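Trainee: upload-v9.cif is reproduced in full below (mmCIF, C-alpha atoms and all ligand atoms).
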```cif
data_model
loop_
_atom_site.label_atom_id
_atom_site.label_comp_id
_atom_site.auth_asym_id
_atom_site.auth_seq_id
_atom_site.Cartn_x
_atom_site.Cartn_y
_atom_site.Cartn_z
CA MET B 609 -7.15 9.25 -26.76
CA LYS B 610 -3.88 11.08 -26.43
CA VAL B 611 -2.35 11.66 -23.01
CA ASN B 612 0.70 13.63 -21.92
CA LEU B 613 2.56 11.58 -19.35
CA LYS B 614 5.06 13.12 -16.93
CA ILE B 615 6.89 10.20 -15.34
CA TRP B 616 9.56 10.04 -12.61
CA ARG B 617 12.72 8.41 -13.94
CA GLN B 618 15.51 7.39 -11.57
CA LYS B 619 18.34 5.09 -12.58
CA ASP B 620 18.91 3.57 -9.13
CA ALA B 621 18.62 4.28 -5.42
CA GLY B 622 21.75 6.45 -5.40
CA SER B 623 20.93 8.60 -8.46
CA LYS B 624 19.02 11.84 -8.61
CA GLY B 625 15.70 11.40 -10.37
CA GLN B 626 13.75 13.70 -12.67
CA MET B 627 10.38 14.04 -14.38
CA VAL B 628 10.39 13.09 -18.08
CA ASP B 629 7.63 13.90 -20.62
CA TYR B 630 6.13 11.06 -22.68
CA PRO B 631 3.27 11.97 -25.06
CA LEU B 632 1.28 8.80 -25.82
CA ASN B 633 -1.23 8.33 -28.67
CA GLY B 634 -3.67 5.51 -29.30
CA VAL B 635 -4.77 5.07 -25.69
CA GLU B 636 -8.16 3.34 -25.38
CA GLU B 637 -10.51 4.22 -22.55
CA ASP B 638 -11.02 0.53 -21.72
CA MET B 639 -7.31 -0.01 -21.15
CA SER B 640 -6.26 -0.36 -17.55
CA PHE B 641 -3.73 2.20 -16.32
CA LEU B 642 -1.02 -0.47 -16.21
CA GLU B 643 -1.87 -1.63 -19.75
CA MET B 644 -1.40 1.97 -20.86
CA LEU B 645 2.08 1.90 -19.28
CA ASP B 646 2.71 -1.46 -21.02
CA VAL B 647 1.95 0.24 -24.37
CA LEU B 648 4.35 3.06 -23.55
CA ASN B 649 7.06 0.56 -22.56
CA GLU B 650 6.59 -1.33 -25.83
CA GLU B 651 7.13 1.94 -27.70
CA LEU B 652 10.26 2.68 -25.65
CA ASN B 653 11.56 -0.86 -26.28
CA ASN B 654 10.99 -0.50 -30.02
CA LYS B 655 12.97 2.75 -29.98
CA GLY B 656 15.82 1.07 -28.06
CA GLU B 657 15.13 3.17 -24.95
CA GLU B 658 14.99 1.80 -21.43
CA PRO B 659 11.42 0.90 -20.34
CA ILE B 660 9.87 2.40 -17.21
CA GLU B 661 10.10 0.14 -14.17
CA PHE B 662 6.92 -0.15 -12.12
CA ASP B 663 5.63 -2.69 -9.60
CA HIS B 664 2.71 -5.03 -10.35
CA ASP B 665 1.75 -8.65 -9.83
CA CYS B 666 -1.88 -9.85 -9.57
CA ARG B 667 -3.43 -6.95 -11.53
CA GLU B 668 -6.73 -7.62 -9.77
CA GLY B 669 -6.52 -5.60 -6.56
CA ILE B 670 -5.36 -8.40 -4.29
CA CYS B 671 -1.60 -8.38 -3.85
CA GLY B 672 -0.91 -4.73 -2.99
CA THR B 673 2.16 -4.61 -5.24
CA CYS B 674 1.12 -1.84 -7.65
CA SER B 675 1.99 1.50 -6.14
CA LEU B 676 1.85 4.70 -8.13
CA GLN B 677 1.19 8.28 -7.12
CA ILE B 678 -1.00 9.60 -9.95
CA ASN B 679 -1.66 13.34 -10.14
CA GLY B 680 -0.70 13.54 -6.47
CA GLU B 681 -2.96 10.72 -5.25
CA PRO B 682 -1.90 7.19 -4.30
CA HIS B 683 -3.65 4.75 -6.70
CA GLY B 684 -5.03 7.68 -8.74
CA PRO B 685 -8.27 9.67 -8.78
CA ASP B 686 -10.85 6.90 -8.13
CA ARG B 687 -11.75 5.68 -4.62
CA SER B 688 -11.50 2.14 -3.18
CA ILE B 689 -9.37 0.69 -5.98
CA THR B 690 -5.71 -0.05 -6.61
CA VAL B 691 -3.76 1.26 -9.63
CA CYS B 692 -4.23 -2.03 -11.46
CA GLN B 693 -8.03 -1.58 -11.21
CA LEU B 694 -7.89 2.00 -12.54
CA HIS B 695 -8.95 2.46 -16.18
CA MET B 696 -8.15 5.14 -18.72
CA ARG B 697 -11.87 6.08 -18.88
CA SER B 698 -11.18 7.98 -15.65
CA PHE B 699 -9.12 10.46 -17.73
CA LYS B 700 -9.94 12.72 -20.68
CA ASP B 701 -8.39 13.05 -24.12
CA GLY B 702 -5.46 15.50 -23.88
CA ASP B 703 -5.03 15.11 -20.10
CA THR B 704 -1.63 15.56 -18.52
CA ILE B 705 -0.99 12.71 -16.06
CA VAL B 706 1.83 12.99 -13.52
CA ILE B 707 3.14 9.60 -12.33
CA GLU B 708 5.50 9.32 -9.38
CA PRO B 709 6.60 6.62 -6.92
CA PHE B 710 5.11 6.55 -3.40
CA ARG B 711 7.12 9.12 -1.43
CA ALA B 712 8.28 8.36 2.12
CA LYS B 713 11.65 8.15 3.90
CA ALA B 714 10.84 4.54 4.87
CA PHE B 715 10.02 3.67 1.20
CA PRO B 716 13.28 4.50 -0.65
CA VAL B 717 13.12 4.52 -4.45
CA ILE B 718 14.85 1.49 -6.00
CA LYS B 719 14.35 2.47 -9.64
CA ASP B 720 11.90 4.72 -11.53
CA LEU B 721 8.48 4.06 -9.95
CA ILE B 722 9.52 1.12 -7.73
CA VAL B 723 10.02 1.70 -4.00
CA ASP B 724 11.37 -0.63 -1.33
CA ARG B 725 8.49 -1.52 1.03
CA SER B 726 10.40 -4.13 3.04
CA SER B 727 9.89 -1.87 6.08
CA PHE B 728 6.28 -3.19 6.06
CA ASP B 729 7.59 -6.78 6.06
CA ARG B 730 9.74 -6.02 9.11
CA ILE B 731 6.73 -4.55 10.97
CA GLN B 732 4.83 -7.76 10.19
CA GLN B 733 7.75 -9.92 11.31
CA ALA B 734 7.82 -8.03 14.63
CA GLY B 735 4.38 -9.35 15.65
CA GLY B 736 1.91 -9.93 12.82
CA PHE B 737 1.36 -13.59 13.66
CA ILE B 738 0.00 -15.93 16.33
CA SER B 739 1.89 -18.89 17.78
CA VAL B 740 -0.12 -22.11 18.06
CA ASN B 741 0.86 -24.99 20.28
CA THR B 742 0.73 -28.10 18.10
CA SER B 743 0.97 -30.58 20.98
CA GLY B 744 -1.88 -32.71 19.75
CA ASN B 745 -4.39 -30.97 22.03
CA THR B 746 -4.73 -27.90 19.82
CA VAL B 747 -8.24 -26.46 19.70
CA ASP B 748 -9.63 -26.15 16.19
CA ALA B 749 -9.99 -22.40 15.52
CA ASN B 750 -13.44 -22.99 14.01
CA ALA B 751 -14.60 -24.58 17.29
CA ILE B 752 -14.23 -21.28 19.17
CA PRO B 753 -17.50 -19.28 18.91
CA ILE B 754 -16.99 -15.62 17.91
CA GLN B 755 -19.78 -13.05 17.53
CA LYS B 756 -20.50 -12.30 13.88
CA ALA B 757 -19.97 -8.53 14.32
CA VAL B 758 -16.56 -9.12 15.93
CA ALA B 759 -15.52 -11.65 13.26
CA ASP B 760 -16.57 -9.18 10.55
CA GLU B 761 -14.51 -6.40 12.13
CA ALA B 762 -11.44 -8.63 12.39
CA PHE B 763 -11.94 -9.70 8.78
CA ASN B 764 -12.25 -6.07 7.64
CA ALA B 765 -8.91 -5.27 9.30
CA ALA B 766 -7.37 -8.35 7.66
CA THR B 767 -8.30 -7.08 4.18
CA CYS B 768 -5.34 -4.65 4.30
CA ILE B 769 -3.14 -5.62 1.34
CA GLY B 770 -0.02 -3.79 2.53
CA CYS B 771 0.10 -1.49 -0.48
CA GLY B 772 1.46 1.54 1.38
CA ALA B 773 -1.02 4.08 -0.02
CA CYS B 774 -1.82 5.18 3.54
CA VAL B 775 1.83 6.15 4.02
CA ALA B 776 2.03 7.92 0.64
CA ALA B 777 -1.16 9.88 1.39
CA CYS B 778 -0.05 11.04 4.84
CA LYS B 779 1.78 14.35 5.25
CA ASN B 780 3.77 12.67 8.07
CA ALA B 781 4.37 9.45 6.08
CA SER B 782 2.77 7.60 8.99
CA ALA B 783 2.23 3.84 8.84
CA MET B 784 -0.36 3.85 11.64
CA LEU B 785 -3.26 2.69 9.44
CA PHE B 786 -1.30 -0.30 8.10
CA THR B 787 0.16 -1.28 11.48
CA SER B 788 -3.15 -0.84 13.28
CA ALA B 789 -4.92 -3.07 10.74
CA LYS B 790 -2.33 -5.79 11.33
CA VAL B 791 -2.66 -5.38 15.13
CA SER B 792 -6.48 -5.31 15.00
CA GLN B 793 -6.96 -8.46 12.96
CA PHE B 794 -5.60 -10.39 15.97
CA ALA B 795 -6.55 -8.07 18.85
CA LEU B 796 -10.25 -8.65 18.13
CA LEU B 797 -10.05 -12.45 18.24
CA PRO B 798 -9.47 -14.87 21.17
CA GLN B 799 -6.60 -16.51 19.26
CA GLY B 800 -4.73 -13.18 19.30
CA GLN B 801 -4.94 -12.55 23.04
CA VAL B 802 -1.96 -14.63 24.24
CA GLU B 803 0.65 -12.46 22.51
CA ALA B 804 -1.43 -9.26 22.34
CA ALA B 805 0.73 -7.06 24.59
CA ASP B 806 4.05 -8.11 23.02
CA ARG B 807 2.56 -7.83 19.54
CA VAL B 808 1.46 -4.22 19.78
CA ARG B 809 4.62 -3.12 21.62
CA ASN B 810 6.94 -4.81 19.09
CA MET B 811 5.06 -3.71 15.97
CA VAL B 812 4.85 -0.07 17.10
CA ARG B 813 8.53 -0.14 18.06
CA GLN B 814 9.49 -1.48 14.61
CA MET B 815 7.23 1.08 12.90
CA ASP B 816 9.10 3.88 14.70
CA LEU B 817 12.53 2.31 13.97
CA GLU B 818 11.72 2.24 10.23
CA GLY B 819 11.34 6.02 10.21
CA PHE B 820 7.59 6.37 9.65
CA GLY B 821 6.03 9.55 11.04
CA ASN B 822 3.32 9.91 13.64
CA CYS B 823 -0.44 10.13 13.17
CA THR B 824 -1.95 13.62 13.52
CA ASN B 825 -5.54 12.54 12.72
CA THR B 826 -5.68 14.09 9.25
CA GLY B 827 -7.51 11.06 7.88
CA ALA B 828 -5.94 11.14 4.38
CA CYS B 829 -4.90 7.50 4.83
CA GLU B 830 -8.49 6.30 5.25
CA VAL B 831 -9.63 8.29 2.19
CA GLU B 832 -6.93 6.84 -0.07
CA CYS B 833 -6.94 3.25 1.27
CA PRO B 834 -8.15 0.94 -1.52
CA LYS B 835 -9.59 -1.49 1.05
CA GLY B 836 -11.51 0.99 3.21
CA ILE B 837 -9.46 0.29 6.34
CA SER B 838 -11.03 2.45 9.05
CA LEU B 839 -9.35 4.99 11.35
CA GLU B 840 -11.04 3.08 14.21
CA ASN B 841 -8.17 0.60 13.90
CA ILE B 842 -5.71 3.35 14.87
CA ALA B 843 -7.81 4.16 17.96
CA ARG B 844 -7.84 0.42 18.82
CA MET B 845 -4.06 0.14 18.39
CA ASN B 846 -3.49 3.19 20.62
CA SER B 847 -5.67 1.68 23.32
CA GLU B 848 -3.96 -1.74 22.98
CA TYR B 849 -0.59 0.00 23.22
CA LEU B 850 -1.60 1.93 26.32
CA SER B 851 -2.82 -1.15 28.17
CA ALA B 852 0.29 -3.13 27.08
CA THR B 853 2.49 -0.33 28.45
CA LEU B 854 0.57 -0.18 31.75
CA LYS B 855 0.97 -3.96 32.12
CA GLY B 856 4.76 -3.35 31.88
S1 LIG L 901 -4.20 0.25 5.33
FE1 LIG L 901 -5.03 0.43 3.24
S2 LIG L 901 -3.63 1.87 2.22
FE2 LIG L 901 -2.57 1.11 4.04
S3 LIG L 901 -1.38 -0.64 3.37
FE3 LIG L 901 -3.36 -1.45 4.11
S4 LIG L 901 -4.63 -1.53 2.25
FE4 LIG L 901 -2.91 -0.21 1.73
S1 LIG L 902 -1.05 -5.59 -9.03
FE1 LIG L 902 -1.86 -6.68 -7.28
S2 LIG L 902 -3.08 -5.15 -6.30
FE2 LIG L 902 -2.42 -4.16 -8.12
#
```
Please render this file's structure as structure tokens.
Ligand code: SF4
Ligand code: FES
Mentor:
Amino acid sequence: MKVNLKIWRQKDAGSKGQMVDYPLNGVEEDMSFLEMLDVLNEELNNKGEEPIEFDHDCREGICGTCSLQINGEPHGPDRSITVCQLHMRSFKDGDTIVIEPFRAKAFPVIKDLIVDRSSFDRIQQAGGFISVNTSGNTVDANAIPIQKAVADEAFNAATCIGCGACVAACKNASAMLFTSAKVSQFALLPQGQVEAADRVRNMVRQMDLEGFGNCTNTGACEVECPKGISLENIARMNSEYLSATLKG
């Protein structure tokens, strides 16, 4: 296969970026998308040109590091997968493929296709944890009975990998799906109740401070989320936030 790549190049955070054309031959349909970029980078290296910087780590859909906007969609054209799970068989010979970084004010570009997602870390630090008293009388978490349906829902929320595709998909660059997943994974469980009101208040406050936009119920985040995180989490977070505010 031959593909015509149009890739965002940007020297550093302070420079103006631009799209650059890279025709690439010898692409195999069984290559992953990131392997295809590896091949391109090897070619650039051999020619003495600077390779394209892009984020990746596990390459198996777990870590949430890979983050590319491909033909206008976060993680590319297929549903429920990350970029590292995308294969070139999803494209045709001669296709033009436009590759950009995730775009959002709260995700500034560091270089080429790499963005700074530390805003997500700061939202987590604001409340994405539980405090456990280790006095010696601590109750074993597994000794607390939880209904299967509730445990499943909490687990589903906890499968969010923090990739940021929800933000990149949203016209408002809202982080409500991410934040609500992190709130929900505790809000549904007894262990999360002690700090519930502070958690939701602090995480929402940090989300706003980071410059993410608001949710206007478009639902693009849910469609593009590789882990199928449901919009119901946003409804839950809004209700948690309202009761936390009423409690004062
Ligand atoms: S909610 Fe989905 S799209 Fe958003 S960060 Fe979590 S896994 Fe990624
Ligand atoms: S590299 Fe870890 S999810 Fe893609």
Trainee: Quick one: residues within 6 Å of ligand LIG 901 (chain L), with all atoms listed in the file, as a ChimeraX atom specification?
Mentor: /B:768-774,785-786,833-835,837
Trainee: Let me make sure I understand: among B:Gln755, B:Ser851, B:Thr690, B:Ser727, which one has the smallest atom-to-atom distance to ligand LIG 902 (chain L) if we use only C-alpha atoms and all ligand atoms?
Mentor: B:Thr690
Trainee: I want to know what sits within 9 Å of segment 692-707 of chain B, based on all atoms listed in the file, with residues of the same chain fewer than 5 positions away left out; could you give that as JSON, numbers by chain?
Mentor: {"B": [609, 610, 611, 612, 613, 614, 615, 616, 627, 631, 635, 636, 637, 638, 639, 640, 641, 642, 643, 644, 664, 666, 667, 668, 669, 674, 675, 676, 677, 678, 679, 680, 683, 684, 685, 686, 721]}
Trainee: Nearest to ligand LIG 902 (chain L): which of B:Gly736, B:Pro716, B:Gly672, B:Gly836 is it, counting all atoms listed in the file?
Mentor: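 So, comparing all the options, the nearest one is B:Gly672.
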Trainee: How far is it from atom CA of Asp665 of chain B to atom CA of Ile722 of chain B, in Å with one decimal?
Mentor: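 Between atom CA of Asp665 of chain B and atom CA of Ile722 of chain B the gap is 12.7 Å.
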Trainee: Closest to ligand LIG 902 (chain L) among B:Arg617, B:Ile670, B:Gly634, B:Glu650, using only C-alpha atoms and all ligand atoms?
Mentor: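 Nearest to ligand LIG 902 (chain L): B:Ile670.
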Trainee: I want to know what sits within 7 Å of Gln618 of chain B, based on all atoms listed in the file, with residues of the same chain fewer than 6 positions away left out; could you give that as a ChimeraX atom specification?
Mentor: /B:624-626,719-720
Trainee: Is it possible to get the axis-aligned box enclosing segment 643-648 of chain B (all listed atoms, 8 Å extra per side) as lines of an AutoDock Vina configuration file, with centre and edge lengths in Å rounded to one decimal?
Mentor:
```
center_x = 1.2
center_y = 0.7
center_z = -21.8
size_x = 22.2
size_y = 20.7
size_z = 21.1
```
Trainee: Find the spatial neighbours of Lys790 of chain B, counting all atoms listed in the file, within a cut-off of 12 Å - ignore same-chain residues fewer than 5 positions away - and output them as a VMD selection string.
Mentor: chain B and resid 728 to 729 731 to 738 762 to 770 783 to 785 795 to 796 800 804 807 to 808 811 to 812 815 837 841 to 842 844 to 845
Trainee: Could you work out how far atom CA of Leu797 of chain B lies from atom CA of Ser838 of chain B, giving the answer in Å with one decimal?
Mentor: 17.5 Å
Trainee: Counting all atoms listed in the file, figure out which residue out of B:Val802, B:Leu652, B:Ala828, B:Val647 gets nearest to Ser739 of chain B.
Mentor: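 So, comparing all the options, the nearest one is B:Val802.
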Trainee: What is the atom CA of Lys855 of chain B-atom CA of Asn810 of chain B distance in Å, reported with one decimal?
Mentor: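 One can read the atom CA of Lys855 of chain B to atom CA of Asn810 of chain B distance as 14.4 Å.
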Trainee: Which residue is closest to ligand LIG 902 (chain L)? Choose from B:Glu830, B:Asp663, B:Asp748, B:Asp724 and count all atoms listed in the file.
Mentor: B:Asp663
Trainee: Pick the closest to Gly821 of chain B from B:Lys713, B:Arg725, B:Arg730, B:Lys619: which is it, counting only C-alpha atoms?
Mentor: B:Lys713
Trainee: Please list as a list in words every residue within 8 Å of Asn780 of chain B, counting only C-alpha atoms and excluding residues in the same chain fewer than 4 positions away.
Mentor: Val775, Phe820, Gly821, Asn822, Cys823 and Thr824 of chain B
Trainee: Deliver the residues from the most recent selection as a file, using C-alpha atoms, as a PDB file, keeping the file's coordinate frame.
Mentor:
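Generated output (selection11.pdb):
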```pdb
ATOM      1  CA  VAL B 775       1.830   6.150   4.020  1.00  0.00           C
ATOM      2  CA  PHE B 820       7.590   6.370   9.650  1.00  0.00           C
ATOM      3  CA  GLY B 821       6.030   9.550  11.040  1.00  0.00           C
ATOM      4  CA  ASN B 822       3.320   9.910  13.640  1.00  0.00           C
ATOM      5  CA  CYS B 823      -0.440  10.130  13.170  1.00  0.00           C
ATOM      6  CA  THR B 824      -1.950  13.620  13.520  1.00  0.00           C
TER       7      THR B 824
END
```
